[in-house]
Amino acid sequence: MLCRSCNILLKHFKPKLNTSRRLKSQTAADNRDPAPLFFNSDMQQLLKKLTRVDFRIVFRKKRYGERLETPEYKFLTTEELEKFMKNAEEKAEQKLQMPPVVKKRSEEPEILSRDYELQGYSDSKFVFTDITFGVSDRERMIVVREPNGELRKALPEERHRMNEAYFPEPGRKIRMPKMFEQEHLKRVLDEGNYEFVLDRACIQFEPDDPKYEAVTKATYEAVDVAQHYSSLRSTRHFGPFAFHLAWNKCIDNLLLDLIQTDKLDEAVALIQLYHVVNPDAKSASTKFETGQEHKFINEYVTCDSNKRSVLELAMQSNAELHRQKAAVEIGIRKAHVQT
């Protein structure tokens with residue numbers, strides 16, 4: 001009886017699978033896709049530079065409730081040490097692989113066919129899932145027959161539930177954890193658990209899920225407001241965080257932090273990132289020349305910064321610091337010559 005019902009519900013499914021695709025109207029803002037910029041090789045190099053790889057942070061043990069292993073100490077020759085360092089660099093590259101930044105998916109259903117002769121056959125929806133092994137969750141065929149006879153592709157939330165029912169992912173829940181709800185998320189972020197939130201968001205959501213974008217956006221904004229940049233630096237999330245700041249034209253706080261800590265090479269990389277994402281910026285035509293960090297940064301501060309006075313003061317202090325360092329170095333050289 002069930003087989004016969006399924007056959008009726010799937011009537012005309014194959015021949016009509018690709019016949020009626022809905023055209024979705026979107027605004028110009030919605031059409032802006034960050035993926036081509038984010039995955040560009042030059043962009044990736046800038047993001048990696050801003051991440052600032054520190055092995056002590058990359059390989060630290062995260063206290064997520066797992067039992068810590070006893071550390072192991074070894075005596076190594078120079079050759080063995082070089083080999084271990086090379087392996088460590090390769091592992092760090094894997095650990096720092098950035099979560100992708102892509103366009104939000106559409107939540108509108110895609111109708112495959114309208115078989116109104118099936119209307120009233122059942123009061124419930126029927127969900128059909130291809131459970132073939134080896135098919136990715138994104139490409140797996142999942143369709144829904146509505147009580148009114150419409151046959152459509154599963155909505156993202158329905159697809160998520162079906163994939164988790166048949167092919168559960170470790171750490172992923174069928175229902176969204178409460179920590180991602182606005183009231184709970186704010187409390188977790190106020191406690192400074194930024195990396196934990198982002199790590200779990202990567203497990204729970206797909207990169208194009210609107211919920212994923214909402215959680216990451218709230219986390220990035222909390223980090224920027226609190227200026228807790230060290231909490232994400234040398235993690236896989238710092239690159240997407242810097243990209244988010246450039247995408248939303250709010251790099252000034254991070255730029256100020258880099259100037260105050262005398263990381264001018266990273267400040268230059270941040271401004272170059274801003275120029276790539278926002279080619280219409282007034283300072284975008286400025287080309288960086290080696291040794292001209294102050295000039296390049298000042299051009300952005302003058303033309304595009306929203307915190308010009310603060311950044312100008314920071315640049316003046318940095319320039320004075322460099323003058324003092326140069327004077328000390330000259331004094332040391334003279335002392336060596338006299339001796």
# chains A, B, ... in the order shown; residues from 1 in each chain; ligands from 1
call {"tool": "residues_around", "arguments": {"residues": "A:Tyr274", "least_positions_apart": "5", "cutoff": "8 Å", "atoms": "only C-alpha atoms", "output": "ChimeraX atom specification"}}
result
/A:246-247,249,251
call {"tool": "residues_around", "arguments": {"residues": "A:Leu311", "least_positions_apart": "2", "cutoff": "10 Å", "atoms": "only C-alpha atoms", "output": "PDB file with C-alpha atoms, in the first residue's frame"}}
result
ATOM      1  CA  ASP A 252      39.689  51.733  11.623  1.00  0.00           C
ATOM      2  CA  ASN A 253      39.754  50.073  15.051  1.00  0.00           C
ATOM      3  CA  LEU A 255      44.144  49.629  11.929  1.00  0.00           C
ATOM      4  CA  LEU A 256      44.610  51.663  15.113  1.00  0.00           C
ATOM      5  CA  ASP A 257      45.613  48.522  17.024  1.00  0.00           C
ATOM      6  CA  ILE A 259      49.677  51.137  14.379  1.00  0.00           C
ATOM      7  CA  GLN A 260      49.881  51.250  18.172  1.00  0.00           C
ATOM      8  CA  ILE A 297      48.800  54.571   5.662  1.00  0.00           C
ATOM      9  CA  ASN A 298      48.459  58.358   5.943  1.00  0.00           C
ATOM     10  CA  VAL A 301      43.695  58.003   6.957  1.00  0.00           C
ATOM     11  CA  THR A 302      43.300  61.324   5.129  1.00  0.00           C
ATOM     12  CA  SER A 305      39.102  56.933   7.522  1.00  0.00           C
ATOM     13  CA  ASN A 306      36.114  57.538   9.786  1.00  0.00           C
ATOM     14  CA  LYS A 307      38.426  58.161  12.773  1.00  0.00           C
ATOM     15  CA  ARG A 308      40.901  60.487  11.144  1.00  0.00           C
ATOM     16  CA  SER A 309      41.995  62.477  14.217  1.00  0.00           C
ATOM     17  CA  LEU A 313      47.644  61.044  16.368  1.00  0.00           C
ATOM     18  CA  ALA A 314      48.615  57.348  16.427  1.00  0.00           C
ATOM     19  CA  MET A 315      50.665  57.792  13.231  1.00  0.00           C
ATOM     20  CA  GLN A 316      52.462  60.799  14.717  1.00  0.00           C
ATOM     21  CA  SER A 317      53.334  58.804  17.825  1.00  0.00           C
TER      22      SER A 317
END
call {"tool": "closest_residue", "arguments": {"among": "A:Pro36, A:Pro156, A:Gly149, A:Pro170", "to": "A:Ser124", "atoms": "only C-alpha atoms"}}
result
A:Gly149
call {"tool": "atom_distance", "arguments": {"atom1": "atom CA of A:Gln292", "atom2": "atom CA of A:Asp280"}}
result
22.4 Å
call {"tool": "residues_around", "arguments": {"residues": "A:Lys125", "least_positions_apart": "2", "cutoff": "6 Å", "atoms": "only C-alpha atoms", "output": "PyMOL selection string"}}
result
chain A and resi 145-147
call {"tool": "write_last_selection", "arguments": {"atoms": "N, CA, C and O atoms", "output": "short mmCIF file (atom, residue, chain, number, x, y, z; two decimals), in the first residue's frame"}}
result
data_model
loop_
_atom_site.label_atom_id
_atom_site.label_comp_id
_atom_site.auth_asym_id
_atom_site.auth_seq_id
_atom_site.Cartn_x
_atom_site.Cartn_y
_atom_site.Cartn_z
N ARG A 145 6.61 16.49 -1.41
CA ARG A 145 5.29 16.54 -2.06
C ARG A 145 4.32 17.18 -1.07
O ARG A 145 4.06 16.65 0.01
N GLU A 146 3.79 18.36 -1.45
CA GLU A 146 2.86 19.09 -0.60
C GLU A 146 1.46 18.49 -0.72
O GLU A 146 1.13 17.86 -1.74
N PRO A 147 0.60 18.70 0.30
CA PRO A 147 -0.79 18.20 0.22
C PRO A 147 -1.57 18.76 -0.98
O PRO A 147 -2.50 18.11 -1.45
#
call {"tool": "select_by_dssp", "arguments": {"residues": "stretch 203-260 of chain A", "states": "helix (DSSP H, G or I)", "output": "number ranges by chain"}}
result
A: 203-204, 210-226, 229-231, 238-247, 252-260
call {"tool": "residues_around", "arguments": {"residues": "stretch 84-92 of chain A", "least_positions_apart": "2", "cutoff": "9 Å", "atoms": "only C-alpha atoms", "output": "PyMOL selection string"}}
result
chain A and resi 53+55+58-59+79-82+94-97
call {"tool": "write_last_selection", "arguments": {"atoms": "N, CA and C atoms", "output": "CSV table (one decimal), in the first residue's frame"}}
result
chain,number,residue,atom,x,y,z
A,53,VAL,N,50.8,34.0,12.0
A,53,VAL,CA,50.9,32.7,12.6
A,53,VAL,C,51.8,32.6,13.8
A,55,PHE,N,52.9,29.6,16.4
A,55,PHE,CA,52.8,28.2,16.7
A,55,PHE,C,52.2,27.9,18.1
A,58,VAL,N,48.5,28.4,17.7
A,58,VAL,CA,47.9,27.4,16.7
A,58,VAL,C,47.8,26.0,17.3
A,59,PHE,N,48.8,25.6,18.1
A,59,PHE,CA,48.9,24.2,18.6
A,59,PHE,C,48.5,24.1,20.1
A,79,GLU,N,69.0,18.4,12.3
A,79,GLU,CA,68.3,17.9,11.1
A,79,GLU,C,66.9,17.5,11.5
A,80,GLU,N,66.8,16.7,12.6
A,80,GLU,CA,65.4,16.3,13.1
A,80,GLU,C,64.5,17.5,13.5
A,81,LEU,N,65.2,18.5,14.1
A,81,LEU,CA,64.4,19.7,14.5
A,81,LEU,C,63.8,20.4,13.2
A,82,GLU,N,64.7,20.5,12.2
A,82,GLU,CA,64.2,21.1,11.0
A,82,GLU,C,63.1,20.4,10.3
A,94,GLN,N,47.1,23.6,7.7
A,94,GLN,CA,45.8,22.9,7.7
A,94,GLN,C,44.9,23.4,8.8
A,95,LYS,N,45.4,23.7,10.0
A,95,LYS,CA,44.6,24.2,11.1
A,95,LYS,C,44.1,25.6,10.9
A,96,LEU,N,44.8,26.4,10.1
A,96,LEU,CA,44.5,27.7,9.8
A,96,LEU,C,43.6,27.9,8.6
A,97,GLN,N,43.2,26.8,8.0
A,97,GLN,CA,42.3,26.9,6.8
A,97,GLN,C,41.1,27.7,7.1
call {"tool": "select_by_dssp", "arguments": {"residues": "stretch 43-276 of chain A", "states": "strand (DSSP E or B)", "output": "list in words"}}
result
Ile111, Leu112, Ser113, Arg114, Phe126, Val127, Phe128, Thr129, Ile142, Val143, Val144, Arg145, Glu150, Leu151, Arg152 and Lys153 of chain A
call {"tool": "closest_residue", "arguments": {"among": "A:Arg175, A:His294, A:Leu112, A:Ile142", "to": "A:Lys263", "atoms": "only C-alpha atoms"}}
result
A:His294
call {"tool": "closest_residue", "arguments": {"among": "A:Arg233, A:Lys211, A:Arg32, A:Lys49", "to": "A:Glu266", "atoms": "only C-alpha atoms"}}
result
A:Lys49
call {"tool": "closest_residue", "arguments": {"among": "A:Glu191, A:Glu299, A:Asp54, A:Glu213", "to": "A:Lys282", "atoms": "only C-alpha atoms"}}
result
A:Glu299
